[in-house]
Amino acid sequence: LGGKFFIIQLSMLLIFQLANVIISRQLGASAVTEYNVAYRYYSVALMLFNIILSPLWSAYTEAYVKGDYDWMKRTLRRMERIWHLLCVGELLLLVVSPWAFRWWLGESVGVSGSVSLCMMLYLMILSGSNMYMVVINGIGKVMLQMLIYVGCACVSLPLSYTLCGYWGIPGLLVVFTSVYLLQAVAARWQLHRLLQGTCTGLLNR
C-alpha cells in the first residue's frame, strides 16, 4: 500500500507541480504571477473544505474495518451537501473577483475573466475529487486511483505544454480539471460498489 501511495504522489508531482515551469516557458513570468494569484484566491474555500475532510481519513478506515457501511454512506452524503455549499461559495468568489483582485493587488496584477473562471472550475472539481479520495485512501483500495494517475502522468506533460501554448493558462487548467474529474467519477463509481459490497477485481485492490 505504501508503494502505491508513493507512485500516486510521484504521478501527481509530474502532472501538477510543473505548472509554473510550463507557464513560464510558454507565456512568460508575468503569467506565472497571474496563475498563482488566481490559485491563492480561489483555494480559500478548498482549504476550508480540506480542514473538514482531514479527520475523516482515519474515521473511514475504522468504519470500514468494522463494516459500518451505513455510517460511511451517511457521512459521504453530508460531505456532498457541504461540497454543494462550497460550490456556491466558489461562484460567489467568481462574482466578486474583479473587485477583490483590485482591492487586493491594485493595478499591479491583472487576472483575466477566462483564467478566473477556469481556476474556479478546477478547484471546484479538485475539492469534489478530494471528497471521494479521502474515503478511497482511508480504506486502502487505491489501485484504480494509481492506474489513472499513472496514465494521466504519461500524457499530461506534452498535453499541458501544447494546450498552454494554444490557449494560455486556461488550456493548462483544462488538463488539470480533466484529471480530477476523471478521478472523481471513477472514485464515486468505485465507492458505490464498495459500499454495496459488490466490488471485485481491480476495484477491490
# chains A, B, ... in the order shown; residues from 1 in each chain; ligands from 1
>>> residues_around(residues="Ser156 in chain A", least_positions_apart="5", cutoff="9 Å", atoms="only C-alpha atoms", output="ChimeraX atom specification")
/A:14-16,151,161,175-176,179
>>> write_last_selection(atoms="N, CA and C atoms", output="compact mmCIF listing (two decimals), in the first residue's frame")
# COMPACT_ATOMS: atom_id res chain seq x y z
N LEU A 14 4.35 14.94 -11.21
CA LEU A 14 4.61 15.13 -12.63
C LEU A 14 3.46 15.86 -13.32
N ILE A 15 2.23 15.62 -12.86
CA ILE A 15 1.08 16.24 -13.52
C ILE A 15 0.93 17.70 -13.13
N PHE A 16 0.99 17.99 -11.82
CA PHE A 16 0.55 19.30 -11.33
C PHE A 16 1.66 20.26 -10.94
N GLY A 151 -1.50 6.82 -15.77
CA GLY A 151 -1.88 7.06 -17.16
C GLY A 151 -1.90 8.54 -17.50
N TYR A 161 1.70 21.27 -22.08
CA TYR A 161 2.59 22.18 -22.81
C TYR A 161 1.92 22.67 -24.11
N VAL A 175 -6.47 20.65 -18.63
CA VAL A 175 -5.82 19.36 -18.39
C VAL A 175 -5.97 18.96 -16.93
N PHE A 176 -5.66 19.88 -16.02
CA PHE A 176 -5.73 19.59 -14.59
C PHE A 176 -7.16 19.22 -14.18
N VAL A 179 -8.17 15.70 -15.29
CA VAL A 179 -7.59 14.64 -14.46
C VAL A 179 -8.43 14.42 -13.21
>>> residues_around(residues="range 29-36 of chain A", least_positions_apart="2", cutoff="8 Å", atoms="only C-alpha atoms", output="JSON list (two decimals) with N, CA and C atoms, in the first residue's frame")
[["chain", "number", "residue", "atom", "x", "y", "z"],
["A", 20, "ASN", "N", 4.10, 25.93, -13.10],
["A", 20, "ASN", "CA", 4.81, 27.21, -13.18],
["A", 20, "ASN", "C", 5.89, 27.18, -14.26],
["A", 23, "ILE", "N", 4.10, 27.35, -17.72],
["A", 23, "ILE", "CA", 3.57, 28.70, -17.96],
["A", 23, "ILE", "C", 4.70, 29.67, -18.25],
["A", 24, "SER", "N", 5.78, 29.59, -17.49],
["A", 24, "SER", "CA", 6.91, 30.49, -17.68],
["A", 24, "SER", "C", 7.52, 30.34, -19.06],
["A", 27, "LEU", "N", 4.43, 31.32, -21.72],
["A", 27, "LEU", "CA", 3.74, 32.61, -21.65],
["A", 27, "LEU", "C", 4.53, 33.72, -21.01],
["A", 38, "ALA", "N", -4.55, 33.81, -8.91],
["A", 38, "ALA", "CA", -5.88, 33.20, -9.06],
["A", 38, "ALA", "C", -6.01, 31.95, -8.19],
["A", 39, "TYR", "N", -4.94, 31.14, -8.16],
["A", 39, "TYR", "CA", -4.97, 29.92, -7.35],
["A", 39, "TYR", "C", -5.15, 30.24, -5.87],
["A", 40, "ARG", "N", -4.38, 31.20, -5.37],
["A", 40, "ARG", "CA", -4.47, 31.55, -3.95],
["A", 40, "ARG", "C", -5.85, 32.10, -3.60],
["A", 109, "VAL", "N", -1.31, 43.68, -10.81],
["A", 109, "VAL", "CA", -1.50, 42.38, -11.45],
["A", 109, "VAL", "C", -2.95, 42.26, -11.90],
["A", 110, "GLY", "N", -3.13, 41.80, -13.12],
["A", 110, "GLY", "CA", -4.48, 41.58, -13.63],
["A", 110, "GLY", "C", -4.74, 40.09, -13.81],
["A", 111, "VAL", "N", -5.96, 39.66, -13.50],
["A", 111, "VAL", "CA", -6.38, 38.28, -13.72],
["A", 111, "VAL", "C", -7.55, 38.30, -14.68],
["A", 115, "VAL", "N", -9.21, 33.07, -17.07],
["A", 115, "VAL", "CA", -8.37, 32.41, -16.06],
["A", 115, "VAL", "C", -9.15, 32.25, -14.76],
["A", 169, "ILE", "N", -3.15, 30.00, -19.96],
["A", 169, "ILE", "CA", -3.40, 29.36, -18.67],
["A", 169, "ILE", "C", -4.68, 28.53, -18.68]]
>>> closest_residue(among="A:Arg205, A:Lys141, A:Arg188, A:Lys4", to="Lys73 in chain A", atoms="only C-alpha atoms")
A:Arg188
>>> closest_residue(among="A:Gln183, A:Gln145, A:Gln26, A:Ser97", to="Trp167 in chain A", atoms="only C-alpha atoms")
A:Gln26
>>> residues_around(residues="Ala186 in chain A", least_positions_apart="3", cutoff="9 Å", atoms="only C-alpha atoms", output="list in words")
Leu144, Gln145, Ile148, Leu181, Leu182, Gln183, Trp189, Gln190 and Leu191 of chain A
>>> closest_residue(among="A:Leu85, A:Asn137, A:Phe101, A:Leu10", to="Cys152 in chain A", atoms="only C-alpha atoms")
A:Leu10
>>> closest_residue(among="A:Ser43, A:Gln9, A:Thr162, A:Gln196", to="Met119 in chain A", atoms="only C-alpha atoms")
A:Ser43
>>> closest_residue(among="A:Thr61, A:Val155, A:Asn204, A:Leu86", to="His192 in chain A", atoms="only C-alpha atoms")
A:Asn204
>>> closest_residue(among="A:Gly197, A:Leu92, A:Tyr60, A:Gly106", to="Arg74 in chain A", atoms="only C-alpha atoms")
A:Tyr60
>>> residues_around(residues="Met79 in chain A", least_positions_apart="3", cutoff="10 Å", atoms="only C-alpha atoms", output="number ranges by chain")
A: 49, 52-53, 73-76, 82-85, 128, 131-132
>>> residues_around(residues="Leu126 in chain A", least_positions_apart="2", cutoff="8 Å", atoms="only C-alpha atoms", output="list of chain:residue names")
A:Tyr122, A:Leu123, A:Met124, A:Gly128, A:Ser129, A:Asn130, A:Thr177, A:Tyr180, A:Leu181
>>> write_last_selection(atoms="all heavy atoms", output="PDB file, in the first residue's frame")
ATOM      1  N   TYR A 122     -11.625  24.421 -11.823  1.00  0.00           N
ATOM      2  CA  TYR A 122     -10.577  23.469 -11.464  1.00  0.00           C
ATOM      3  C   TYR A 122     -10.606  23.146  -9.970  1.00  0.00           C
ATOM      4  O   TYR A 122     -10.617  21.975  -9.572  1.00  0.00           O
ATOM      5  CB  TYR A 122      -9.220  24.043 -11.872  1.00  0.00           C
ATOM      6  CG  TYR A 122      -8.022  23.375 -11.243  1.00  0.00           C
ATOM      7  CD1 TYR A 122      -7.858  21.993 -11.281  1.00  0.00           C
ATOM      8  CD2 TYR A 122      -7.041  24.131 -10.594  1.00  0.00           C
ATOM      9  CE1 TYR A 122      -6.739  21.387 -10.691  1.00  0.00           C
ATOM     10  CE2 TYR A 122      -5.939  23.538 -10.017  1.00  0.00           C
ATOM     11  CZ  TYR A 122      -5.797  22.171 -10.066  1.00  0.00           C
ATOM     12  OH  TYR A 122      -4.704  21.567  -9.482  1.00  0.00           O
ATOM     13  N   LEU A 123     -10.653  24.181  -9.126  1.00  0.00           N
ATOM     14  CA  LEU A 123     -10.619  23.956  -7.686  1.00  0.00           C
ATOM     15  C   LEU A 123     -11.940  23.382  -7.173  1.00  0.00           C
ATOM     16  O   LEU A 123     -11.969  22.652  -6.180  1.00  0.00           O
ATOM     17  CB  LEU A 123     -10.275  25.248  -6.962  1.00  0.00           C
ATOM     18  CG  LEU A 123      -8.834  25.712  -7.213  1.00  0.00           C
ATOM     19  CD1 LEU A 123      -8.583  27.070  -6.587  1.00  0.00           C
ATOM     20  CD2 LEU A 123      -7.840  24.705  -6.668  1.00  0.00           C
ATOM     21  N   MET A 124     -13.026  23.666  -7.872  1.00  0.00           N
ATOM     22  CA  MET A 124     -14.307  23.068  -7.517  1.00  0.00           C
ATOM     23  C   MET A 124     -14.274  21.558  -7.746  1.00  0.00           C
ATOM     24  O   MET A 124     -14.683  20.764  -6.892  1.00  0.00           O
ATOM     25  CB  MET A 124     -15.417  23.718  -8.357  1.00  0.00           C
ATOM     26  CG  MET A 124     -16.831  23.385  -7.909  1.00  0.00           C
ATOM     27  SD  MET A 124     -18.057  24.140  -9.012  1.00  0.00           S
ATOM     28  CE  MET A 124     -17.804  25.879  -8.665  1.00  0.00           C
ATOM     29  N   GLY A 128     -14.172  18.273  -5.016  1.00  0.00           N
ATOM     30  CA  GLY A 128     -15.076  17.132  -5.138  1.00  0.00           C
ATOM     31  C   GLY A 128     -14.319  15.826  -5.232  1.00  0.00           C
ATOM     32  O   GLY A 128     -14.700  14.817  -4.630  1.00  0.00           O
ATOM     33  N   SER A 129     -13.223  15.824  -5.984  1.00  0.00           N
ATOM     34  CA  SER A 129     -12.389  14.629  -6.085  1.00  0.00           C
ATOM     35  C   SER A 129     -11.787  14.272  -4.732  1.00  0.00           C
ATOM     36  O   SER A 129     -11.773  13.094  -4.336  1.00  0.00           O
ATOM     37  CB  SER A 129     -11.276  14.865  -7.114  1.00  0.00           C
ATOM     38  OG  SER A 129     -10.401  13.761  -7.178  1.00  0.00           O
ATOM     39  N   ASN A 130     -11.308  15.265  -3.992  1.00  0.00           N
ATOM     40  CA  ASN A 130     -10.735  15.014  -2.674  1.00  0.00           C
ATOM     41  C   ASN A 130     -11.742  14.373  -1.730  1.00  0.00           C
ATOM     42  O   ASN A 130     -11.386  13.531  -0.894  1.00  0.00           O
ATOM     43  CB  ASN A 130     -10.221  16.323  -2.058  1.00  0.00           C
ATOM     44  CG  ASN A 130      -8.934  16.797  -2.686  1.00  0.00           C
ATOM     45  OD1 ASN A 130      -8.291  16.068  -3.430  1.00  0.00           O
ATOM     46  ND2 ASN A 130      -8.548  18.026  -2.401  1.00  0.00           N
ATOM     47  N   THR A 177      -8.114  20.000 -14.669  1.00  0.00           N
ATOM     48  CA  THR A 177      -9.509  19.747 -14.325  1.00  0.00           C
ATOM     49  C   THR A 177      -9.969  18.392 -14.837  1.00  0.00           C
ATOM     50  O   THR A 177     -10.691  17.665 -14.147  1.00  0.00           O
ATOM     51  CB  THR A 177     -10.407  20.857 -14.898  1.00  0.00           C
ATOM     52  OG1 THR A 177      -9.951  22.128 -14.437  1.00  0.00           O
ATOM     53  CG2 THR A 177     -11.862  20.665 -14.483  1.00  0.00           C
ATOM     54  N   TYR A 180      -8.755  15.495 -12.521  1.00  0.00           N
ATOM     55  CA  TYR A 180      -9.515  15.361 -11.276  1.00  0.00           C
ATOM     56  C   TYR A 180     -10.966  14.965 -11.534  1.00  0.00           C
ATOM     57  O   TYR A 180     -11.586  14.284 -10.708  1.00  0.00           O
ATOM     58  CB  TYR A 180      -9.452  16.651 -10.461  1.00  0.00           C
ATOM     59  CG  TYR A 180      -8.186  16.763  -9.646  1.00  0.00           C
ATOM     60  CD1 TYR A 180      -7.289  17.806  -9.843  1.00  0.00           C
ATOM     61  CD2 TYR A 180      -7.878  15.809  -8.676  1.00  0.00           C
ATOM     62  CE1 TYR A 180      -6.129  17.901  -9.092  1.00  0.00           C
ATOM     63  CE2 TYR A 180      -6.715  15.894  -7.924  1.00  0.00           C
ATOM     64  CZ  TYR A 180      -5.851  16.944  -8.138  1.00  0.00           C
ATOM     65  OH  TYR A 180      -4.694  17.030  -7.393  1.00  0.00           O
ATOM     66  N   LEU A 181     -11.516  15.402 -12.658  1.00  0.00           N
ATOM     67  CA  LEU A 181     -12.877  14.985 -12.994  1.00  0.00           C
ATOM     68  C   LEU A 181     -12.926  13.484 -13.251  1.00  0.00           C
ATOM     69  O   LEU A 181     -13.849  12.789 -12.790  1.00  0.00           O
ATOM     70  CB  LEU A 181     -13.373  15.752 -14.222  1.00  0.00           C
ATOM     71  CG  LEU A 181     -14.801  15.443 -14.677  1.00  0.00           C
ATOM     72  CD1 LEU A 181     -15.800  15.769 -13.573  1.00  0.00           C
ATOM     73  CD2 LEU A 181     -15.136  16.222 -15.952  1.00  0.00           C
TER      74      LEU A 181
END
>>> atom_distance(atom1="CA of Ala45 in chain A", atom2="CA of Val142 in chain A")
26.1 Å
>>> atom_distance(atom1="CA of Ala187 in chain A", atom2="CA of Met146 in chain A")
11.3 Å
